[in-house]
Amino acid sequence: MVVDANYHFKALNSVSPYVELNVNFGSYSRNITETVEGITTETDYTGSRVGAGVNFGFDWYFTEGLSLGGKYTLGFRSLGKPDAKSGNVTVEGPSSSGFGIGSASVILNVHF
């Protein structure tokens, strides 16, 4: 799940600069069944992730209804402790977090 909110500053001629906030959450669950030499093992993997970011960007309206934009992201993410459960044994993995720069994007927008 991702939630984005942006604020456009006063336009400079045909360029509209903006700042955008992004909050996201994700979880996963996977089941793997393996059979080796007649012994079947079933393993369940689960985990989650939370992140947030700030995007700095602009939209350049080169004609009515079309704009070319670009943005750059700074972000934070936190991965929860993943679990791997096989039979009665549960192994808890390490959690991690990070802060860093994201990627630059170029976007063609069509406005209705």
# chains A, B, ... in the order shown; residues from 1 in each chain; ligands from 1
call {"tool": "select_by_dssp", "arguments": {"residues": "chain A", "states": "strand (DSSP E or B)", "output": "count of residues only"}}
result
92
call {"tool": "residues_around", "arguments": {"residues": "A:Ser27", "least_positions_apart": "5", "cutoff": "12 Å", "atoms": "only C-alpha atoms", "output": "list in words"}}
result
Met1, Tyr45, Thr46, Gly47, Ser48, Arg49, Val50, Gly51, Ser78, Leu79, Gly80, Lys81, Pro82 and Asp83 of chain A
call {"tool": "atom_distance", "arguments": {"atom1": "atom CA of A:Ser67", "atom2": "atom CA of A:Ser14"}}
result
9.3 Å
call {"tool": "residues_around", "arguments": {"residues": "stretch 60-65 of chain A", "least_positions_apart": "4", "cutoff": "8 Å", "atoms": "only C-alpha atoms", "output": "list in words"}}
result
Ser14, Val15, Ser16, Gly69, Val110, His111 and Phe112 of chain A
call {"tool": "residues_around", "arguments": {"residues": "A:Asn22", "least_positions_apart": "2", "cutoff": "7 Å", "atoms": "only C-alpha atoms", "output": "list of chain:residue names"}}
result
A:Val3, A:Asp4, A:Ala5, A:Glu20, A:Asn24, A:Ala52, A:Gly53, A:Val54
call {"tool": "atom_distance", "arguments": {"atom1": "atom CA of A:Leu74", "atom2": "atom CA of A:Gly57"}}
result
11.7 Å
call {"tool": "atom_distance", "arguments": {"atom1": "atom CA of A:Gly98", "atom2": "atom CA of A:Phe76"}}
result
5.7 Å
